[in-house]
Amino acid sequence: MDESSLTSRMQQVVDVARRDISAIRTGRAVPSLIENILVSAYGGTQKLRILELASILAPDSQSLVVDPWDKSVIGEIKQAILVANIGLNPSVDGEIIRISVPAMTLEDREKFVKLLSSKTESAKVMIRQVRGDVMHELKKAYETKVMTEDEKFAQEKKLQELTDKFVELVDQLGEKKKQELLTV
């Protein structure tokens, strides 16, 4: 068991979960709501994230301003935000895009808490899949007499501790976001 590659694989899962969780609306305007939306720019020849095409500012808690560096892609950015179907309605104001973030109802908050729960559970399942792959490798190594039973149990214990650590990280991310969602 290569501990550094295992840690790296589990950290990648946590990073994906962090990006997924940050994209969930909390009722406050934050750039992470839209920064990873893909835009078919320049006639559809390139797929770029809004973050790569423009600066995103949150002048107050209820609005976002998208200022494209290349003003010719302003229509594509607006269209991508609409197509993303995240409940935001962008409007072009000269050379910038203004987005008003509507206040969330209690029903919306509950819906997003459920979405958050499914995203965190999905991340935990992915971490457990990584653990399962390594457990399978350890079992194979034991059966082919590459390692002793004691070594196998020691490796499994270390693997479980690492898995628990990363599952706890995902739980912490989820709990932090849940608090943001429930704060009115």
# chains A, B, ... in the order shown; residues from 1 in each chain; ligands from 1
$ residues_around --residues "stretch 95-112 of chain A" --least-positions-apart "3" --cutoff "9 Å" --atoms "only C-alpha atoms" --output "NGL selection string"
:A and (24-29 or 61-68 or 71 or 74 or 77-78 or 87-92 or 115-117 or 178 or 181-182 or 184)
$ write_last_selection --atoms "N, CA and C atoms" --output "mmCIF file, in the first residue's frame"
data_model
loop_
_atom_site.group_PDB
_atom_site.id
_atom_site.type_symbol
_atom_site.label_atom_id
_atom_site.label_comp_id
_atom_site.auth_asym_id
_atom_site.auth_seq_id
_atom_site.Cartn_x
_atom_site.Cartn_y
_atom_site.Cartn_z
ATOM 1 N N ILE A 24 -23.236 25.247 -4.205
ATOM 2 C CA ILE A 24 -24.610 25.248 -3.698
ATOM 3 C C ILE A 24 -24.934 26.640 -3.155
ATOM 4 N N ARG A 25 -26.050 27.175 -3.598
ATOM 5 C CA ARG A 25 -26.465 28.519 -3.161
ATOM 6 C C ARG A 25 -26.765 28.556 -1.676
ATOM 7 N N THR A 26 -26.416 29.672 -1.048
ATOM 8 C CA THR A 26 -26.740 29.848 0.366
ATOM 9 C C THR A 26 -27.598 31.079 0.595
ATOM 10 N N GLY A 27 -27.977 31.763 -0.478
ATOM 11 C CA GLY A 27 -28.758 32.983 -0.328
ATOM 12 C C GLY A 27 -27.884 34.217 -0.339
ATOM 13 N N ARG A 28 -26.588 34.016 -0.260
ATOM 14 C CA ARG A 28 -25.627 35.119 -0.340
ATOM 15 C C ARG A 28 -24.915 35.046 -1.668
ATOM 16 N N ALA A 29 -24.587 36.201 -2.201
ATOM 17 C CA ALA A 29 -23.875 36.248 -3.475
ATOM 18 C C ALA A 29 -22.391 36.005 -3.229
ATOM 19 N N SER A 61 -24.196 41.554 -0.645
ATOM 20 C CA SER A 61 -24.584 40.160 -0.371
ATOM 21 C C SER A 61 -25.682 39.638 -1.286
ATOM 22 N N GLN A 62 -26.263 40.497 -2.122
ATOM 23 C CA GLN A 62 -27.360 40.061 -2.973
ATOM 24 C C GLN A 62 -27.086 40.206 -4.469
ATOM 25 N N SER A 63 -25.863 40.571 -4.857
ATOM 26 C CA SER A 63 -25.600 40.713 -6.293
ATOM 27 C C SER A 63 -24.175 40.335 -6.658
ATOM 28 N N LEU A 64 -24.039 39.905 -7.913
ATOM 29 C CA LEU A 64 -22.737 39.581 -8.486
ATOM 30 C C LEU A 64 -22.544 40.436 -9.731
ATOM 31 N N VAL A 65 -21.302 40.771 -10.023
ATOM 32 C CA VAL A 65 -20.967 41.491 -11.241
ATOM 33 C C VAL A 65 -19.896 40.685 -11.967
ATOM 34 N N VAL A 66 -20.180 40.354 -13.234
ATOM 35 C CA VAL A 66 -19.238 39.611 -14.066
ATOM 36 C C VAL A 66 -18.700 40.596 -15.100
ATOM 37 N N ASP A 67 -17.379 40.777 -15.091
ATOM 38 C CA ASP A 67 -16.740 41.725 -16.012
ATOM 39 C C ASP A 67 -15.804 40.946 -16.939
ATOM 40 N N PRO A 68 -16.295 40.579 -18.151
ATOM 41 C CA PRO A 68 -15.470 39.793 -19.076
ATOM 42 C C PRO A 68 -14.258 40.592 -19.560
ATOM 43 N N LYS A 71 -14.861 41.473 -24.249
ATOM 44 C CA LYS A 71 -16.282 41.867 -24.245
ATOM 45 C C LYS A 71 -17.105 41.118 -25.292
ATOM 46 N N ILE A 74 -19.577 38.263 -23.913
ATOM 47 C CA ILE A 74 -20.559 38.613 -22.882
ATOM 48 C C ILE A 74 -21.879 37.852 -23.070
ATOM 49 N N ILE A 77 -21.474 34.154 -22.016
ATOM 50 C CA ILE A 77 -21.424 34.011 -20.556
ATOM 51 C C ILE A 77 -22.838 34.086 -19.986
ATOM 52 N N LYS A 78 -23.610 35.079 -20.466
ATOM 53 C CA LYS A 78 -24.998 35.218 -19.991
ATOM 54 C C LYS A 78 -25.788 33.945 -20.291
ATOM 55 N N GLY A 87 -31.017 29.057 -10.920
ATOM 56 C CA GLY A 87 -31.949 30.017 -10.334
ATOM 57 C C GLY A 87 -31.471 31.445 -10.361
ATOM 58 N N LEU A 88 -30.506 31.755 -11.229
ATOM 59 C CA LEU A 88 -30.009 33.124 -11.332
ATOM 60 C C LEU A 88 -30.392 33.688 -12.692
ATOM 61 N N ASN A 89 -30.735 34.983 -12.714
ATOM 62 C CA ASN A 89 -31.151 35.627 -13.953
ATOM 63 C C ASN A 89 -30.196 36.776 -14.272
ATOM 64 N N PRO A 90 -29.199 36.530 -15.132
ATOM 65 C CA PRO A 90 -28.230 37.571 -15.459
ATOM 66 C C PRO A 90 -28.794 38.603 -16.433
ATOM 67 N N SER A 91 -28.336 39.843 -16.299
ATOM 68 C CA SER A 91 -28.728 40.872 -17.268
ATOM 69 C C SER A 91 -27.479 41.642 -17.681
ATOM 70 N N VAL A 92 -27.405 41.932 -18.987
ATOM 71 C CA VAL A 92 -26.257 42.656 -19.519
ATOM 72 C C VAL A 92 -26.488 44.141 -19.277
ATOM 73 N N LEU A 115 -29.773 18.445 -1.079
ATOM 74 C CA LEU A 115 -28.770 18.354 -2.137
ATOM 75 C C LEU A 115 -27.370 18.240 -1.525
ATOM 76 N N LEU A 116 -27.109 19.043 -0.509
ATOM 77 C CA LEU A 116 -25.828 19.006 0.188
ATOM 78 C C LEU A 116 -25.594 17.630 0.787
ATOM 79 N N SER A 117 -26.621 17.079 1.405
ATOM 80 C CA SER A 117 -26.509 15.765 2.015
ATOM 81 C C SER A 117 -26.159 14.709 0.973
ATOM 82 N N LYS A 178 -23.911 23.491 5.678
ATOM 83 C CA LYS A 178 -25.265 23.368 6.215
ATOM 84 C C LYS A 178 -25.565 24.552 7.131
ATOM 85 N N LEU A 181 -26.307 27.482 5.008
ATOM 86 C CA LEU A 181 -27.631 27.366 4.392
ATOM 87 C C LEU A 181 -28.755 27.705 5.375
ATOM 88 N N LEU A 182 -28.597 27.303 6.614
ATOM 89 C CA LEU A 182 -29.661 27.510 7.589
ATOM 90 C C LEU A 182 -29.618 28.876 8.251
ATOM 91 N N VAL A 184 -30.214 32.577 8.232
ATOM 92 C CA VAL A 184 -31.067 33.480 7.440
ATOM 93 C C VAL A 184 -30.460 34.860 7.398
#
$ select_by_dssp --residues "stretch 90-154 of chain A" --states "strand (DSSP E or B)" --output "list in words"
Pro90, Ser91, Val92, Asp93, Ile96, Ile97, Arg98, Ile99 and Ser100 of chain A
$ select_by_dssp --residues "stretch 42-158 of chain A" --states "alpha helix (DSSP H)" --output "ChimeraX atom specification"
/A:50-53,74-83,106-143,149-158
$ atom_distance --atom1 "atom CA of A:Lys158" --atom2 "atom CA of A:Thr144"
20.8 Å
$ closest_residue --among "A:Asp171, A:Glu143, A:Glu35, A:Glu180" --to "A:Ala23" --atoms "only C-alpha atoms"
A:Glu35
$ closest_residue --among "A:Val14, A:Asn36, A:Lys47, A:Val30" --to "A:Pro59" --atoms "only C-alpha atoms"
A:Val30
$ decode --residues "stretch 43-180 of chain A" --atoms "C-alpha atoms" --output "mmCIF file, in the first residue's frame"
data_model
loop_
_atom_site.group_PDB
_atom_site.id
_atom_site.type_symbol
_atom_site.label_atom_id
_atom_site.label_comp_id
_atom_site.auth_asym_id
_atom_site.auth_seq_id
_atom_site.Cartn_x
_atom_site.Cartn_y
_atom_site.Cartn_z
ATOM 1 C CA GLY A 43 -18.326 30.197 -31.570
ATOM 2 C CA GLY A 44 -18.318 26.997 -29.530
ATOM 3 C CA THR A 45 -14.688 26.192 -30.347
ATOM 4 C CA GLN A 46 -13.629 26.345 -26.687
ATOM 5 C CA LYS A 47 -15.229 25.390 -23.390
ATOM 6 C CA LEU A 48 -13.945 27.685 -20.663
ATOM 7 C CA ARG A 49 -15.083 28.349 -17.103
ATOM 8 C CA ILE A 50 -16.423 31.829 -16.318
ATOM 9 C CA LEU A 51 -13.473 32.193 -13.961
ATOM 10 C CA GLU A 52 -11.163 31.943 -17.000
ATOM 11 C CA LEU A 53 -13.121 34.513 -19.015
ATOM 12 C CA ALA A 54 -13.970 37.255 -16.542
ATOM 13 C CA SER A 55 -13.528 38.721 -13.113
ATOM 14 C CA ILE A 56 -16.399 38.021 -10.726
ATOM 15 C CA LEU A 57 -17.189 40.476 -7.945
ATOM 16 C CA ALA A 58 -19.760 40.466 -5.162
ATOM 17 C CA PRO A 59 -20.341 44.178 -4.438
ATOM 18 C CA ASP A 60 -22.959 43.282 -1.825
ATOM 19 C CA SER A 61 -24.584 40.160 -0.371
ATOM 20 C CA GLN A 62 -27.360 40.061 -2.973
ATOM 21 C CA SER A 63 -25.600 40.713 -6.293
ATOM 22 C CA LEU A 64 -22.737 39.581 -8.486
ATOM 23 C CA VAL A 65 -20.967 41.491 -11.241
ATOM 24 C CA VAL A 66 -19.238 39.611 -14.066
ATOM 25 C CA ASP A 67 -16.740 41.725 -16.012
ATOM 26 C CA PRO A 68 -15.470 39.793 -19.076
ATOM 27 C CA TRP A 69 -11.945 40.557 -20.203
ATOM 28 C CA ASP A 70 -12.998 40.006 -23.818
ATOM 29 C CA LYS A 71 -16.282 41.867 -24.245
ATOM 30 C CA SER A 72 -17.208 39.758 -27.314
ATOM 31 C CA VAL A 73 -18.087 36.757 -25.090
ATOM 32 C CA ILE A 74 -20.559 38.613 -22.882
ATOM 33 C CA GLY A 75 -23.569 36.976 -24.609
ATOM 34 C CA GLU A 76 -22.103 33.477 -24.277
ATOM 35 C CA ILE A 77 -21.424 34.011 -20.556
ATOM 36 C CA LYS A 78 -24.998 35.218 -19.991
ATOM 37 C CA GLN A 79 -26.364 32.229 -21.899
ATOM 38 C CA ALA A 80 -24.194 29.763 -19.955
ATOM 39 C CA ILE A 81 -25.479 31.140 -16.630
ATOM 40 C CA LEU A 82 -29.075 30.755 -17.843
ATOM 41 C CA VAL A 83 -28.462 27.219 -19.151
ATOM 42 C CA ALA A 84 -26.806 26.181 -15.857
ATOM 43 C CA ASN A 85 -30.298 26.413 -14.317
ATOM 44 C CA ILE A 86 -29.137 27.521 -10.876
ATOM 45 C CA GLY A 87 -31.949 30.017 -10.334
ATOM 46 C CA LEU A 88 -30.009 33.124 -11.332
ATOM 47 C CA ASN A 89 -31.151 35.627 -13.953
ATOM 48 C CA PRO A 90 -28.230 37.571 -15.459
ATOM 49 C CA SER A 91 -28.728 40.872 -17.268
ATOM 50 C CA VAL A 92 -26.257 42.656 -19.519
ATOM 51 C CA ASP A 93 -25.539 46.208 -18.392
ATOM 52 C CA GLY A 94 -23.226 47.755 -20.966
ATOM 53 C CA GLU A 95 -19.965 45.838 -20.802
ATOM 54 C CA ILE A 96 -20.726 43.895 -17.610
ATOM 55 C CA ILE A 97 -23.257 41.308 -16.475
ATOM 56 C CA ARG A 98 -25.242 41.968 -13.319
ATOM 57 C CA ILE A 99 -26.798 39.090 -11.424
ATOM 58 C CA SER A 100 -29.257 39.630 -8.618
ATOM 59 C CA VAL A 101 -29.231 36.722 -6.182
ATOM 60 C CA PRO A 102 -32.786 36.243 -4.901
ATOM 61 C CA ALA A 103 -33.385 35.640 -1.221
ATOM 62 C CA MET A 104 -33.988 32.005 -0.413
ATOM 63 C CA THR A 105 -37.215 30.728 1.038
ATOM 64 C CA LEU A 106 -37.283 28.122 3.796
ATOM 65 C CA GLU A 107 -38.372 25.582 1.183
ATOM 66 C CA ASP A 108 -35.309 26.444 -0.958
ATOM 67 C CA ARG A 109 -33.023 26.073 2.043
ATOM 68 C CA GLU A 110 -34.457 22.644 2.848
ATOM 69 C CA LYS A 111 -34.055 21.576 -0.783
ATOM 70 C CA PHE A 112 -30.415 22.692 -0.794
ATOM 71 C CA VAL A 113 -29.741 20.922 2.531
ATOM 72 C CA LYS A 114 -30.983 17.693 0.893
ATOM 73 C CA LEU A 115 -28.770 18.354 -2.137
ATOM 74 C CA LEU A 116 -25.828 19.006 0.188
ATOM 75 C CA SER A 117 -26.509 15.765 2.015
ATOM 76 C CA SER A 118 -26.496 13.776 -1.234
ATOM 77 C CA LYS A 119 -23.249 15.436 -2.385
ATOM 78 C CA THR A 120 -21.462 14.701 0.896
ATOM 79 C CA GLU A 121 -22.732 11.119 0.906
ATOM 80 C CA SER A 122 -21.534 10.701 -2.682
ATOM 81 C CA ALA A 123 -18.069 11.942 -1.695
ATOM 82 C CA LYS A 124 -17.957 9.511 1.236
ATOM 83 C CA VAL A 125 -18.909 6.656 -1.092
ATOM 84 C CA MET A 126 -16.052 7.619 -3.448
ATOM 85 C CA ILE A 127 -13.612 7.612 -0.508
ATOM 86 C CA ARG A 128 -14.876 4.175 0.523
ATOM 87 C CA GLN A 129 -14.428 2.948 -3.056
ATOM 88 C CA VAL A 130 -10.771 3.994 -2.900
ATOM 89 C CA ARG A 131 -10.518 2.080 0.402
ATOM 90 C CA GLY A 132 -12.164 -0.946 -1.215
ATOM 91 C CA ASP A 133 -9.662 -0.930 -4.092
ATOM 92 C CA VAL A 134 -6.740 -0.884 -1.665
ATOM 93 C CA MET A 135 -8.331 -3.579 0.534
ATOM 94 C CA HIS A 136 -8.598 -5.764 -2.558
ATOM 95 C CA GLU A 137 -4.886 -5.176 -3.307
ATOM 96 C CA LEU A 138 -3.974 -6.042 0.293
ATOM 97 C CA LYS A 139 -6.024 -9.236 0.145
ATOM 98 C CA LYS A 140 -4.313 -10.225 -3.109
ATOM 99 C CA ALA A 141 -0.870 -9.525 -1.637
ATOM 100 C CA TYR A 142 -1.705 -11.673 1.400
ATOM 101 C CA GLU A 143 -3.044 -14.556 -0.715
ATOM 102 C CA THR A 144 0.078 -14.557 -2.899
ATOM 103 C CA LYS A 145 2.242 -14.615 0.275
ATOM 104 C CA VAL A 146 3.768 -11.172 -0.459
ATOM 105 C CA MET A 147 2.835 -10.076 3.061
ATOM 106 C CA THR A 148 2.074 -11.801 6.336
ATOM 107 C CA GLU A 149 -1.272 -11.772 8.084
ATOM 108 C CA ASP A 150 0.061 -9.346 10.713
ATOM 109 C CA GLU A 151 1.295 -6.966 8.014
ATOM 110 C CA LYS A 152 -2.078 -7.198 6.277
ATOM 111 C CA PHE A 153 -3.958 -6.337 9.470
ATOM 112 C CA ALA A 154 -1.591 -3.453 10.234
ATOM 113 C CA GLN A 155 -2.053 -2.066 6.700
ATOM 114 C CA GLU A 156 -5.841 -2.460 6.937
ATOM 115 C CA LYS A 157 -5.855 -0.590 10.251
ATOM 116 C CA LYS A 158 -3.795 2.248 8.764
ATOM 117 C CA LEU A 159 -6.082 2.301 5.721
ATOM 118 C CA GLN A 160 -9.184 2.549 7.894
ATOM 119 C CA GLU A 161 -7.665 5.400 9.931
ATOM 120 C CA LEU A 162 -6.892 7.302 6.713
ATOM 121 C CA THR A 163 -10.399 6.632 5.396
ATOM 122 C CA ASP A 164 -11.956 7.873 8.643
ATOM 123 C CA LYS A 165 -9.834 11.032 8.474
ATOM 124 C CA PHE A 166 -11.017 11.897 4.958
ATOM 125 C CA VAL A 167 -14.660 11.019 5.676
ATOM 126 C CA GLU A 168 -14.449 13.375 8.671
ATOM 127 C CA LEU A 169 -13.076 16.129 6.377
ATOM 128 C CA VAL A 170 -16.070 15.712 4.054
ATOM 129 C CA ASP A 171 -18.429 15.763 7.050
ATOM 130 C CA GLN A 172 -16.839 19.017 8.251
ATOM 131 C CA LEU A 173 -17.243 20.610 4.813
ATOM 132 C CA GLY A 174 -20.879 19.529 4.736
ATOM 133 C CA GLU A 175 -21.600 20.741 8.249
ATOM 134 C CA LYS A 176 -20.043 24.148 7.564
ATOM 135 C CA LYS A 177 -22.129 24.562 4.404
ATOM 136 C CA LYS A 178 -25.265 23.368 6.215
ATOM 137 C CA GLN A 179 -24.767 26.110 8.823
ATOM 138 C CA GLU A 180 -24.443 28.683 6.010
#
